[in-house]
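File shown: coords_15.csv. Contents: CSV, C-alpha atoms.
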chain,number,residue,atom,x,y,z
A,1096,MET,CA,23.9,-12.8,4.9
A,1097,ILE,CA,20.2,-13.2,5.0
A,1098,ILE,CA,18.3,-11.8,2.0
A,1099,ASP,CA,14.9,-10.7,3.2
A,1100,LEU,CA,12.4,-10.2,0.4
A,1101,ARG,CA,9.2,-10.8,2.3
A,1102,SER,CA,8.1,-7.2,2.2
A,1103,ASP,CA,9.3,-3.6,2.0
A,1104,THR,CA,8.2,-3.3,5.6
A,1105,VAL,CA,11.4,-5.1,6.8
A,1106,THR,CA,13.7,-2.1,6.3
A,1107,ARG,CA,15.7,-0.4,9.0
A,1108,PRO,CA,16.0,3.3,9.4
A,1109,THR,CA,19.0,4.8,7.7
A,1110,ALA,CA,21.7,6.8,9.6
A,1111,GLY,CA,20.2,10.1,8.3
A,1112,MET,CA,16.8,9.1,9.3
A,1113,LYS,CA,17.9,8.1,12.8
A,1114,ASP,CA,19.6,11.5,13.2
A,1115,ALA,CA,16.4,13.2,12.2
A,1116,MET,CA,14.4,11.1,14.7
A,1117,PHE,CA,16.7,11.7,17.7
A,1118,SER,CA,16.9,15.4,17.1
A,1119,ALA,CA,13.1,16.0,16.6
A,1120,PRO,CA,11.3,18.5,18.7
A,1121,VAL,CA,8.2,16.7,20.3
A,1122,GLY,CA,5.1,17.4,22.2
A,1123,ASP,CA,1.8,15.7,23.0
A,1124,ASP,CA,0.1,14.9,19.7
A,1125,VAL,CA,-3.3,14.1,21.2
A,1126,PHE,CA,-3.4,17.7,22.4
A,1127,GLY,CA,-2.2,18.8,18.9
A,1128,GLU,CA,1.1,20.0,20.4
A,1129,ASP,CA,3.7,17.9,18.7
A,1130,PRO,CA,5.4,20.2,16.2
A,1131,THR,CA,7.0,17.5,14.2
A,1132,VAL,CA,3.8,15.6,13.8
A,1133,ASN,CA,2.1,18.8,12.8
A,1134,ALA,CA,4.9,19.5,10.3
A,1135,LEU,CA,4.6,16.1,8.7
A,1136,GLU,CA,0.8,16.3,8.4
A,1137,GLU,CA,1.0,19.8,6.8
A,1138,LYS,CA,3.8,18.6,4.5
A,1139,ALA,CA,1.9,15.6,3.2
A,1140,ALA,CA,-1.4,17.5,2.8
A,1141,LYS,CA,0.3,20.2,0.8
A,1142,LEU,CA,2.2,17.7,-1.3
A,1143,PHE,CA,-1.2,16.2,-2.5
A,1144,GLY,CA,-3.0,19.6,-2.6
A,1145,MET,CA,-5.4,18.3,0.1
A,1146,GLU,CA,-6.7,20.3,3.1
A,1147,ALA,CA,-5.4,18.2,6.0
A,1148,ALA,CA,-3.8,15.0,7.2
A,1149,ILE,CA,-3.6,12.7,10.2
A,1150,PHE,CA,-0.7,10.6,11.3
A,1151,CYS,CA,-1.5,7.0,12.4
A,1152,PRO,CA,0.4,3.9,13.5
A,1153,SER,CA,-0.5,1.9,10.4
A,1154,GLY,CA,-2.0,1.9,6.9
A,1155,THR,CA,-4.7,-0.5,8.1
A,1156,MET,CA,-5.8,2.2,10.6
A,1157,THR,CA,-5.8,5.0,8.0
A,1158,ASN,CA,-7.8,2.8,5.5
A,1159,GLN,CA,-10.2,1.7,8.1
A,1160,ILE,CA,-10.7,5.3,9.4
A,1161,ALA,CA,-11.5,6.4,5.8
A,1162,ILE,CA,-14.1,3.6,5.4
A,1163,ARG,CA,-15.7,4.6,8.7
A,1164,LEU,CA,-15.9,8.2,7.5
A,1165,HIS,CA,-17.6,7.3,4.2
A,1166,THR,CA,-20.0,4.5,5.3
A,1167,ARG,CA,-22.5,3.8,8.0
A,1168,ILE,CA,-24.5,0.7,8.9
A,1169,GLN,CA,-26.3,-0.9,6.0
A,1170,THR,CA,-24.1,0.7,3.4
A,1171,GLU,CA,-21.7,-0.9,1.0
A,1172,VAL,CA,-18.1,-0.5,-0.3
A,1173,ILE,CA,-17.1,-1.4,-3.8
A,1174,CYS,CA,-13.6,-2.7,-4.2
A,1175,HIS,CA,-11.6,-5.4,-6.0
A,1176,LYS,CA,-11.8,-8.9,-4.5
A,1177,TYR,CA,-8.0,-8.8,-3.8
A,1178,SER,CA,-8.0,-5.4,-2.1
A,1179,HIS,CA,-5.9,-5.0,1.0
A,1180,VAL,CA,-8.9,-3.4,2.8
A,1181,TYR,CA,-10.8,-6.6,2.3
A,1182,LEU,CA,-8.3,-9.4,2.4
A,1183,TYR,CA,-5.7,-8.2,4.9
A,1184,GLU,CA,-7.3,-5.9,7.5
A,1185,GLY,CA,-8.8,-8.4,9.8
A,1186,GLY,CA,-12.4,-8.1,8.6
A,1187,GLY,CA,-12.3,-4.4,9.6
A,1188,ILE,CA,-14.9,-3.2,7.1
A,1189,MET,CA,-17.5,-5.3,9.0
A,1190,SER,CA,-16.2,-5.1,12.5
A,1191,ASN,CA,-15.3,-1.4,12.5
A,1192,SER,CA,-18.0,0.1,10.2
A,1193,LEU,CA,-20.7,-2.5,10.0
A,1194,ALA,CA,-20.7,-2.1,6.2
A,1195,SER,CA,-21.2,-4.6,3.4
A,1196,VAL,CA,-18.7,-5.2,0.6
A,1197,LYS,CA,-19.2,-5.8,-3.1
A,1198,LEU,CA,-16.2,-7.5,-4.6
A,1199,LEU,CA,-15.2,-7.0,-8.3
A,1200,GLU,CA,-13.0,-9.0,-10.6
A,1201,GLY,CA,-10.3,-7.1,-12.6
A,1202,ASP,CA,-7.1,-7.6,-14.5
A,1203,LEU,CA,-4.1,-7.6,-12.1
A,1204,GLY,CA,-6.2,-6.3,-9.3
A,1205,LYS,CA,-7.6,-3.2,-11.0
A,1206,ILE,CA,-11.2,-2.3,-11.7
A,1207,THR,CA,-12.8,0.1,-14.3
A,1208,ALA,CA,-15.4,2.8,-14.3
A,1209,THR,CA,-17.7,0.5,-16.3
A,1210,GLN,CA,-17.5,-2.1,-13.6
A,1211,VAL,CA,-18.0,0.4,-10.8
A,1212,LYS,CA,-21.1,1.8,-12.5
A,1213,ALA,CA,-22.6,-1.6,-12.9
A,1214,ALA,CA,-21.9,-2.5,-9.3
A,1215,ILE,CA,-23.8,0.4,-7.7
A,1216,ASN,CA,-26.9,-0.9,-6.0
A,1217,PRO,CA,-30.3,0.4,-7.0
A,1218,ASP,CA,-32.4,2.4,-4.5
A,1219,ASP,CA,-34.1,-0.8,-3.2
A,1220,VAL,CA,-35.1,-1.9,0.3
A,1221,HIS,CA,-33.5,-5.3,-0.4
A,1222,ALA,CA,-30.0,-3.9,-1.0
A,1223,PRO,CA,-27.4,-1.9,1.0
A,1224,GLU,CA,-26.8,1.6,-0.1
A,1225,THR,CA,-23.6,2.0,-2.1
A,1226,THR,CA,-21.6,4.9,-0.6
A,1227,LEU,CA,-17.9,4.2,-1.3
A,1228,VAL,CA,-15.5,3.0,-3.9
A,1229,SER,CA,-12.0,2.0,-2.6
A,1230,LEU,CA,-9.0,1.6,-5.0
A,1231,GLU,CA,-5.5,0.4,-4.3
A,1232,ASN,CA,-2.3,1.8,-6.0
A,1233,THR,CA,0.0,0.0,-6.4
A,1234,MET,CA,-2.0,-3.2,-6.3
A,1235,ASN,CA,-0.3,-5.6,-4.0
A,1236,LYS,CA,-2.0,-8.8,-5.2
A,1237,GLY,CA,-1.7,-7.6,-8.8
A,1238,GLY,CA,2.1,-7.8,-8.6
A,1239,GLY,CA,2.5,-4.1,-7.9
A,1240,SER,CA,0.3,-3.1,-10.9
A,1241,VAL,CA,-0.3,0.6,-11.4
A,1242,TYR,CA,-3.4,2.7,-12.0
A,1243,THR,CA,-2.9,5.8,-14.2
A,1244,LEU,CA,-4.8,9.1,-13.9
A,1245,ASP,CA,-6.5,8.2,-17.2
A,1246,GLU,CA,-8.0,5.1,-15.5
A,1247,ILE,CA,-8.9,7.0,-12.3
A,1248,LYS,CA,-10.7,10.0,-13.8
A,1249,PRO,CA,-13.6,8.0,-15.3
A,1250,ILE,CA,-14.1,6.3,-11.9
A,1251,ARG,CA,-14.2,9.7,-10.2
A,1252,GLU,CA,-16.8,10.8,-12.7
A,1253,VAL,CA,-19.0,7.8,-11.9
A,1254,CYS,CA,-18.6,8.5,-8.2
A,1255,ASP,CA,-19.6,12.1,-8.7
A,1256,GLU,CA,-22.6,11.1,-10.9
A,1257,HIS,CA,-23.9,8.8,-8.2
A,1258,GLY,CA,-22.9,10.7,-5.1
A,1259,LEU,CA,-20.3,8.2,-4.0
A,1260,LYS,CA,-17.0,8.8,-2.1
A,1261,LEU,CA,-13.7,7.7,-3.5
A,1262,HIS,CA,-10.9,6.4,-1.3
A,1263,LEU,CA,-7.4,5.4,-2.3
A,1264,ASP,CA,-5.3,2.9,-0.4
A,1265,GLY,CA,-2.0,4.4,-1.6
A,1266,ALA,CA,0.2,2.2,0.5
A,1267,ARG,CA,2.7,2.2,-2.4
A,1268,LEU,CA,1.4,5.3,-4.2
A,1269,PHE,CA,4.9,6.8,-4.5
A,1270,ASN,CA,6.1,3.6,-6.2
A,1271,ALA,CA,3.3,4.1,-8.8
A,1272,LEU,CA,4.1,7.8,-9.3
A,1273,ALA,CA,7.8,7.0,-9.7
A,1274,GLU,CA,6.8,5.0,-12.8
A,1275,THR,CA,4.1,7.2,-14.3
A,1276,GLY,CA,5.6,10.6,-13.6
A,1277,GLU,CA,2.2,11.9,-12.6
A,1278,SER,CA,2.0,14.6,-10.0
A,1279,THR,CA,0.8,14.1,-6.4
A,1280,THR,CA,-1.5,17.1,-6.6
A,1281,ASP,CA,-3.2,15.6,-9.7
A,1282,TRP,CA,-3.8,12.5,-7.7
A,1283,GLY,CA,-5.0,14.4,-4.7
A,1284,ALA,CA,-7.6,16.1,-6.8
A,1285,GLN,CA,-9.3,12.8,-7.7
A,1286,PHE,CA,-10.0,11.4,-4.2
A,1287,ASP,CA,-11.9,12.2,-1.1
A,1288,THR,CA,-9.3,10.5,1.1
A,1289,ILE,CA,-5.9,9.0,0.4
A,1290,SER,CA,-3.9,6.7,2.7
A,1291,ILE,CA,-0.1,6.8,2.2
A,1292,CYS,CA,2.2,4.4,4.0
A,1293,LEU,CA,5.6,5.6,5.2
A,1294,SER,CA,6.9,2.2,6.4
A,1295,LYS,CA,7.0,0.4,3.0
A,1296,GLY,CA,9.1,1.8,0.1
A,1297,LEU,CA,9.9,5.0,2.0
A,1298,GLY,CA,11.7,3.0,4.7
A,1299,CYS,CA,10.2,4.5,7.9
A,1300,PRO,CA,10.0,2.3,11.0
A,1301,VAL,CA,6.3,3.1,11.7
A,1302,GLY,CA,3.4,5.1,10.3
A,1303,SER,CA,0.9,6.1,7.7
A,1304,LEU,CA,-1.0,9.2,6.9
A,1305,LEU,CA,-4.7,9.8,5.9
A,1306,LEU,CA,-5.3,12.8,3.7
A,1307,GLY,CA,-8.6,14.5,3.2
A,1308,SER,CA,-10.7,17.6,3.8
A,1309,LYS,CA,-10.5,19.5,7.1
A,1310,ALA,CA,-13.9,18.2,8.1
A,1311,ASP,CA,-13.0,14.6,7.4
A,1312,ILE,CA,-9.7,14.7,9.2
A,1313,LYS,CA,-11.4,16.3,12.2
A,1314,ARG,CA,-13.8,13.4,12.4
A,1315,ALA,CA,-10.8,11.0,11.7
A,1316,ARG,CA,-9.1,12.2,14.9
A,1317,LYS,CA,-12.1,11.2,17.0
A,1318,VAL,CA,-12.2,7.7,15.3
A,1319,ARG,CA,-8.4,7.3,15.8
A,1320,LYS,CA,-8.8,8.2,19.5
A,1321,SER,CA,-11.6,5.7,20.0
A,1322,TRP,CA,-9.5,2.9,18.3
A,1323,GLY,CA,-6.5,3.6,20.6
A,1324,GLY,CA,-4.5,5.2,17.9
A,1325,GLY,CA,-3.8,8.5,19.7
A,1326,MET,CA,-0.1,8.8,20.2
A,1327,ARG,CA,1.7,11.2,22.5
A,1328,GLN,CA,5.3,12.3,21.7
A,1329,ALA,CA,5.0,10.8,18.2
A,1330,GLY,CA,7.3,13.4,16.6
A,1331,PHE,CA,10.2,10.9,16.9
A,1332,LEU,CA,8.3,8.8,14.4
A,1333,ALA,CA,7.0,11.7,12.3
A,1334,ALA,CA,10.5,12.9,11.8
A,1335,ALA,CA,11.3,9.7,10.0
A,1336,GLY,CA,8.4,10.4,7.7
A,1337,ILE,CA,9.6,13.9,6.9
A,1338,TYR,CA,13.1,12.6,6.2
A,1339,ALA,CA,11.7,9.9,3.9
A,1340,LEU,CA,9.6,12.3,1.9
A,1341,ASP,CA,12.6,14.5,1.4
A,1342,HIS,CA,15.2,11.7,0.7
A,1343,HIS,CA,13.6,8.4,-0.2
A,1344,VAL,CA,11.1,9.1,-2.9
A,1345,ALA,CA,13.4,9.6,-5.9
A,1346,ARG,CA,15.3,6.4,-5.2
A,1347,LEU,CA,12.2,4.1,-5.5
A,1348,LYS,CA,13.1,3.5,-9.2
A,1349,GLU,CA,16.2,1.6,-8.0
A,1350,ASP,CA,13.9,-0.9,-6.2
A,1351,HIS,CA,11.9,-1.2,-9.4
A,1352,SER,CA,15.0,-1.9,-11.5
A,1353,ARG,CA,16.2,-4.6,-9.1
A,1354,ALA,CA,12.7,-6.1,-9.1
A,1355,ARG,CA,12.8,-6.5,-12.8
A,1356,SER,CA,16.2,-8.1,-12.7
A,1357,LEU,CA,15.0,-10.4,-9.9
A,1358,GLY,CA,12.0,-11.5,-12.0
A,1359,GLU,CA,14.3,-12.4,-14.9
A,1360,MET,CA,16.5,-14.5,-12.6
A,1361,LEU,CA,13.5,-16.4,-11.2
A,1362,LEU,CA,12.1,-17.0,-14.7
A,1363,LYS,CA,15.2,-19.1,-15.4
A,1364,LEU,CA,14.1,-21.7,-12.9
A,1365,PRO,CA,12.5,-24.8,-14.4
A,1366,PHE,CA,9.5,-24.8,-12.1
A,1367,VAL,CA,8.7,-21.0,-12.4
A,1368,GLN,CA,5.9,-21.0,-14.9
A,1369,GLU,CA,5.2,-17.3,-15.0
A,1370,ILE,CA,6.3,-14.0,-13.5
A,1371,TYR,CA,3.6,-11.4,-13.2
A,1372,PRO,CA,4.4,-8.2,-15.1
A,1373,VAL,CA,7.0,-6.4,-12.9
A,1374,THR,CA,6.0,-2.7,-12.9
A,1375,THR,CA,7.2,-1.6,-9.5
A,1376,ASN,CA,8.9,-3.4,-6.6
A,1377,ILE,CA,6.7,-6.5,-6.3
A,1378,VAL,CA,7.6,-9.8,-8.0
A,1379,ILE,CA,5.1,-12.6,-8.0
A,1380,ALA,CA,6.2,-16.0,-9.3
A,1381,ARG,CA,3.7,-18.7,-10.4
A,1382,LEU,CA,5.0,-22.2,-9.9
A,1383,ASP,CA,4.4,-25.5,-11.7
A,1384,GLY,CA,5.5,-28.9,-10.4
A,1385,ILE,CA,6.5,-27.6,-6.9
A,1386,THR,CA,4.4,-26.1,-4.1
A,1387,PRO,CA,5.1,-22.7,-2.6
A,1388,GLU,CA,6.1,-24.4,0.6
A,1389,GLU,CA,8.7,-26.6,-1.2
A,1390,PHE,CA,10.1,-23.6,-3.1
A,1391,MET,CA,10.3,-21.4,0.0
A,1392,LYS,CA,12.1,-24.3,1.9
A,1393,LYS,CA,14.7,-24.3,-0.8
A,1394,LEU,CA,15.1,-20.5,-0.6
A,1395,SER,CA,15.1,-20.6,3.2
A,1396,ASP,CA,18.0,-23.2,3.1
A,1397,LEU,CA,19.8,-20.6,1.0
A,1398,GLN,CA,19.0,-17.8,3.6
A,1399,ILE,CA,16.4,-16.1,1.3
A,1400,LYS,CA,13.1,-15.1,2.7
A,1401,SER,CA,9.9,-14.8,0.7
A,1402,VAL,CA,6.1,-15.2,1.3
A,1403,LYS,CA,3.5,-17.6,0.0
A,1404,PHE,CA,0.9,-15.5,-2.0
A,1405,GLY,CA,-1.5,-18.2,-3.2
A,1406,PRO,CA,-1.8,-21.9,-3.9
A,1407,ASP,CA,0.9,-21.7,-6.6
A,1408,LEU,CA,2.3,-18.2,-6.0
A,1409,VAL,CA,5.4,-16.8,-4.1
A,1410,ARG,CA,6.0,-13.1,-3.6
A,1411,PHE,CA,9.2,-11.2,-3.4
A,1412,VAL,CA,9.5,-7.4,-2.6
A,1413,THR,CA,12.5,-5.2,-3.2
A,1414,HIS,CA,13.3,-2.4,-0.9
A,1415,LEU,CA,15.7,0.1,0.6
A,1416,ASP,CA,17.8,-2.5,2.3
A,1417,PHE,CA,18.1,-4.7,-0.8
A,1418,ASP,CA,21.1,-3.4,-2.8
A,1419,ASP,CA,23.0,-4.4,-5.9
A,1420,GLU,CA,25.3,-6.6,-3.8
A,1421,GLN,CA,22.4,-8.6,-2.5
A,1422,LEU,CA,20.9,-8.8,-6.0
A,1423,GLU,CA,24.1,-10.4,-7.2
A,1424,GLU,CA,24.1,-12.8,-4.3
A,1425,PHE,CA,20.5,-13.6,-4.9
A,1426,GLU,CA,21.3,-14.6,-8.4
A,1427,LYS,CA,24.1,-17.0,-7.2
A,1428,ARG,CA,21.9,-18.6,-4.6
A,1429,VAL,CA,18.7,-18.9,-6.6
A,1430,SER,CA,20.5,-20.7,-9.4
A,1431,LEU,CA,21.0,-23.6,-6.9
A,1432,CYS,CA,17.2,-24.1,-6.6
A,1433,ARG,CA,17.0,-27.0,-9.1
Final structure tokens representation of the file:
Amino acid sequence: MIIDLRSDTVTRPTAGMKDAMFSAPVGDDVFGEDPTVNALEEKAAKLFGMEAAIFCPSGTMTNQIAIRLHTRIQTEVICHKYSHVYLYEGGGIMSNSLASVKLLEGDLGKITATQVKAAINPDDVHAPETTLVSLENTMNKGGGSVYTLDEIKPIREVCDEHGLKLHLDGARLFNALAETGESTTDWGAQFDTISICLSKGLGCPVGSLLLGSKADIKRARKVRKSWGGGMRQAGFLAAAGIYALDHHVARLKEDHSRARSLGEMLLKLPFVQEIYPVTTNIVIARLDGITPEEFMKKLSDLQIKSVKFGPDLVRFVTHLDFDDEQLEEFEKRVSLCR
């Protein structure tokens, strides 16, 4: 049995999800005629109290479309230096939107309203115009750290005061809300656009949604088309998203519980110096006296998959396909890594 903890993107559709996909009514989504895509977009927008949504192949696309909407040439995006939109989207901010980036420090990948206010550029010919703040929840490089509404609201106030747009990379937002108990509509009220990923903790095979105003989503459709993201009978994929929103949100806490147990198991190893605080489903181990490559080789020999996450870091992510049986098996195997 291979235990794959590289990411929560490695899940396979459940039997119920497959049934929903195979029975979905479909049409041509580029013409706006796929009823299942339309139903998913309406469901997600309503869930967050936002006006509209667009279904896209990936979270990278939804994030990059949002950045295109809120920037133009010679403008700047404020984000944490470890943000997915900056580190892991192929230089898209520059190549897609011709925008500059101001990178901030912050504890476990999070930034504050005070930092944002200090980072806004003056009205000066020498500086790009600040137009957008992008946040990430949960924060991947922060070990799945979570923003709360009390942290977000002051940032929203700064954005309003200075005429900035606020975007959320909510790839794992449902993981965050599972822990805080905050409502989706309260979160929707804070942002101009939100990207939510269906193919991570929610277990879909493909897809993300961008939520926003009707005007922004209308523009987003044109950007998606120009980037080759227009899909035809996409309802087969959208049906998985509807199923996931109905059946896979409440169970996310199971992943979080297993992640905490996994972190405790790893901490028993002599060369694991530290485990980042485990808040959701991401576990990051800091190593001492062994390289990530050496540790991952030991794990690979035991049929455990993980990913290098820095010069002394290895990441593990729990998910829908990692159950209690695999957790017990992980404990047996990892104890052999001496």
Residues near Tyr1371 of chain A, cut-off 12 Å, all atoms listed in the file, skip fewer than 5 positions along chain, as a list in words: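 In the requested form, the answer reads Asp1202, Leu1203, Gly1204, Asn1235, Lys1236, Gly1237, Gly1238, Gly1239, Ser1240, Ala1354, Arg1355, Leu1357, Gly1358, Glu1359, Leu1361, Leu1362, Asn1376, Ile1377, Val1378, Ile1379, Ala1380, Arg1381, Leu1382, Leu1408, Val1409, Arg1410 and Phe1411 of chain A.
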Okay, now the selection with C-alpha atoms, as a short mmCIF file (atom, residue, chain, number, x, y, z; two decimals), in the frame of the given file?
data_model
loop_
_atom_site.label_atom_id
_atom_site.label_comp_id
_atom_site.auth_asym_id
_atom_site.auth_seq_id
_atom_site.Cartn_x
_atom_site.Cartn_y
_atom_site.Cartn_z
CA ASP A 1202 -7.10 -7.60 -14.50
CA LEU A 1203 -4.10 -7.60 -12.10
CA GLY A 1204 -6.20 -6.30 -9.30
CA ASN A 1235 -0.30 -5.60 -4.00
CA LYS A 1236 -2.00 -8.80 -5.20
CA GLY A 1237 -1.70 -7.60 -8.80
CA GLY A 1238 2.10 -7.80 -8.60
CA GLY A 1239 2.50 -4.10 -7.90
CA SER A 1240 0.30 -3.10 -10.90
CA ALA A 1354 12.70 -6.10 -9.10
CA ARG A 1355 12.80 -6.50 -12.80
CA LEU A 1357 15.00 -10.40 -9.90
CA GLY A 1358 12.00 -11.50 -12.00
CA GLU A 1359 14.30 -12.40 -14.90
CA LEU A 1361 13.50 -16.40 -11.20
CA LEU A 1362 12.10 -17.00 -14.70
CA ASN A 1376 8.90 -3.40 -6.60
CA ILE A 1377 6.70 -6.50 -6.30
CA VAL A 1378 7.60 -9.80 -8.00
CA ILE A 1379 5.10 -12.60 -8.00
CA ALA A 1380 6.20 -16.00 -9.30
CA ARG A 1381 3.70 -18.70 -10.40
CA LEU A 1382 5.00 -22.20 -9.90
CA LEU A 1408 2.30 -18.20 -6.00
CA VAL A 1409 5.40 -16.80 -4.10
CA ARG A 1410 6.00 -13.10 -3.60
CA PHE A 1411 9.20 -11.20 -3.40
#
Using all atoms listed in the file: which of A:Phe1425, A:Phe1150, A:Phe1143, A:Tyr1183 has the shortest distance to Lys1320 of chain A: A:Phe1150
Residues within 9 Å of (6.9, 1.8, 13.0), file coords, all atoms listed in the file, listed as a list in words: Pro1152, Ser1153, Leu1293, Ser1294, Cys1299, Pro1300, Val1301, Gly1302 and Leu1332 of chain A
Residues as selected, C-alpha atoms, written as a compact mmCIF listing (two decimals), in the frame of the given file, can you do that?
# COMPACT_ATOMS: atom_id res chain seq x y z
CA PRO A 1152 0.40 3.90 13.50
CA SER A 1153 -0.50 1.90 10.40
CA LEU A 1293 5.60 5.60 5.20
CA SER A 1294 6.90 2.20 6.40
CA CYS A 1299 10.20 4.50 7.90
CA PRO A 1300 10.00 2.30 11.00
CA VAL A 1301 6.30 3.10 11.70
CA GLY A 1302 3.40 5.10 10.30
CA LEU A 1332 8.30 8.80 14.40
Within 12 Å of Arg1353 of chain A using only C-alpha atoms, minus same-chain residues under 2 positions, as a ChimeraX atom specification: /A:1100,1346-1351,1355-1360,1373-1378,1411-1423,1425-1426
Counting only C-alpha atoms, the option among A:Asn1232, A:His1343, A:Pro1130, A:Gly1144 closest to Ser1278 of chain A: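 Of all the options, A:Gly1144 lies closest to Ser1278 of chain A.
Using all atoms listed in the file, the nearest neighbour of Ala1266 of chain A within the list A:Asp1383, A:Asp1245, A:Asp1103, A:Asp1287 is A:Asp1103.
For the atom pair formed by atom CA of Leu1297 of chain A and atom CA of Ala1339 of chain A, the distance is 5.6 Å, given to one decimal.
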12 Å contact set for Ala1147 of chain A, all atoms listed in the file, chain neighbours under 6 positions out, as a list in words: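 The residues that qualify are Asn1133, Ala1134, Leu1135, Glu1136, Glu1137, Lys1138, Ala1139, Ala1140, Lys1141, Gly1283, Asp1287, Thr1288, Ile1289, Leu1304, Leu1305, Leu1306, Gly1307, Ser1308, Lys1309, Ala1310, Asp1311, Ile1312, Lys1313, Arg1314, Ala1315 and Arg1316 of chain A.
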Nearest-residue call for Phe1286 of chain A, choices A:Cys1174, A:Val1429, A:Leu1340, A:Ala1161, using only C-alpha atoms: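 Residue with the minimum atom-to-atom distance to Phe1286 of chain A: A:Ala1161.
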Take segment 1349-1354 of chain A, bring it up to all heavy atoms, and give me the output as a PDB file, keeping the file's coordinate frame.
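Result file selection.pdb:
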ATOM      1  N   GLU A1349      15.160   2.646  -8.167  1.00  0.00           N
ATOM      2  CA  GLU A1349      16.200   1.600  -8.000  1.00  0.00           C
ATOM      3  C   GLU A1349      15.594   0.308  -7.552  1.00  0.00           C
ATOM      4  O   GLU A1349      16.008  -0.755  -8.026  1.00  0.00           O
ATOM      5  CB  GLU A1349      17.202   2.115  -6.910  1.00  0.00           C
ATOM      6  CG  GLU A1349      17.945   3.396  -7.255  1.00  0.00           C
ATOM      7  CD  GLU A1349      18.816   3.870  -6.107  1.00  0.00           C
ATOM      8  OE1 GLU A1349      19.176   3.036  -5.236  1.00  0.00           O
ATOM      9  OE2 GLU A1349      19.132   5.066  -6.057  1.00  0.00           O
ATOM     10  N   ASP A1350      14.615   0.367  -6.658  1.00  0.00           N
ATOM     11  CA  ASP A1350      13.900  -0.900  -6.200  1.00  0.00           C
ATOM     12  C   ASP A1350      13.224  -1.517  -7.410  1.00  0.00           C
ATOM     13  O   ASP A1350      13.217  -2.747  -7.546  1.00  0.00           O
ATOM     14  CB  ASP A1350      12.900  -0.541  -5.143  1.00  0.00           C
ATOM     15  CG  ASP A1350      13.534  -0.015  -3.871  1.00  0.00           C
ATOM     16  OD1 ASP A1350      14.745  -0.218  -3.681  1.00  0.00           O
ATOM     17  OD2 ASP A1350      12.810   0.603  -3.066  1.00  0.00           O
ATOM     18  N   HIS A1351      12.629  -0.704  -8.267  1.00  0.00           N
ATOM     19  CA  HIS A1351      11.900  -1.200  -9.400  1.00  0.00           C
ATOM     20  C   HIS A1351      12.841  -1.921 -10.396  1.00  0.00           C
ATOM     21  O   HIS A1351      12.524  -2.993 -10.941  1.00  0.00           O
ATOM     22  CB  HIS A1351      11.126  -0.116 -10.116  1.00  0.00           C
ATOM     23  CG  HIS A1351      10.176   0.611  -9.223  1.00  0.00           C
ATOM     24  ND1 HIS A1351       9.503   1.755  -9.614  1.00  0.00           N
ATOM     25  CD2 HIS A1351       9.776   0.369  -7.943  1.00  0.00           C
ATOM     26  CE1 HIS A1351       8.740   2.176  -8.628  1.00  0.00           C
ATOM     27  NE2 HIS A1351       8.894   1.360  -7.602  1.00  0.00           N
ATOM     28  N   SER A1352      13.994  -1.318 -10.621  1.00  0.00           N
ATOM     29  CA  SER A1352      15.000  -1.900 -11.500  1.00  0.00           C
ATOM     30  C   SER A1352      15.470  -3.246 -11.000  1.00  0.00           C
ATOM     31  O   SER A1352      15.584  -4.222 -11.752  1.00  0.00           O
ATOM     32  CB  SER A1352      16.151  -0.939 -11.703  1.00  0.00           C
ATOM     33  OG  SER A1352      17.162  -1.506 -12.507  1.00  0.00           O
ATOM     34  N   ARG A1353      15.745  -3.302  -9.718  1.00  0.00           N
ATOM     35  CA  ARG A1353      16.200  -4.600  -9.100  1.00  0.00           C
ATOM     36  C   ARG A1353      15.097  -5.617  -9.152  1.00  0.00           C
ATOM     37  O   ARG A1353      15.366  -6.809  -9.325  1.00  0.00           O
ATOM     38  CB  ARG A1353      16.681  -4.326  -7.687  1.00  0.00           C
ATOM     39  CG  ARG A1353      17.943  -3.468  -7.621  1.00  0.00           C
ATOM     40  CD  ARG A1353      18.482  -3.326  -6.203  1.00  0.00           C
ATOM     41  NE  ARG A1353      19.608  -2.400  -6.192  1.00  0.00           N
ATOM     42  CZ  ARG A1353      19.581  -1.175  -5.659  1.00  0.00           C
ATOM     43  NH1 ARG A1353      18.478  -0.742  -5.052  1.00  0.00           N
ATOM     44  NH2 ARG A1353      20.646  -0.395  -5.717  1.00  0.00           N
ATOM     45  N   ALA A1354      13.854  -5.183  -8.992  1.00  0.00           N
ATOM     46  CA  ALA A1354      12.700  -6.100  -9.100  1.00  0.00           C
ATOM     47  C   ALA A1354      12.638  -6.751 -10.451  1.00  0.00           C
ATOM     48  O   ALA A1354      12.392  -7.962 -10.589  1.00  0.00           O
ATOM     49  CB  ALA A1354      11.427  -5.424  -8.701  1.00  0.00           C
TER      50      ALA A1354
END
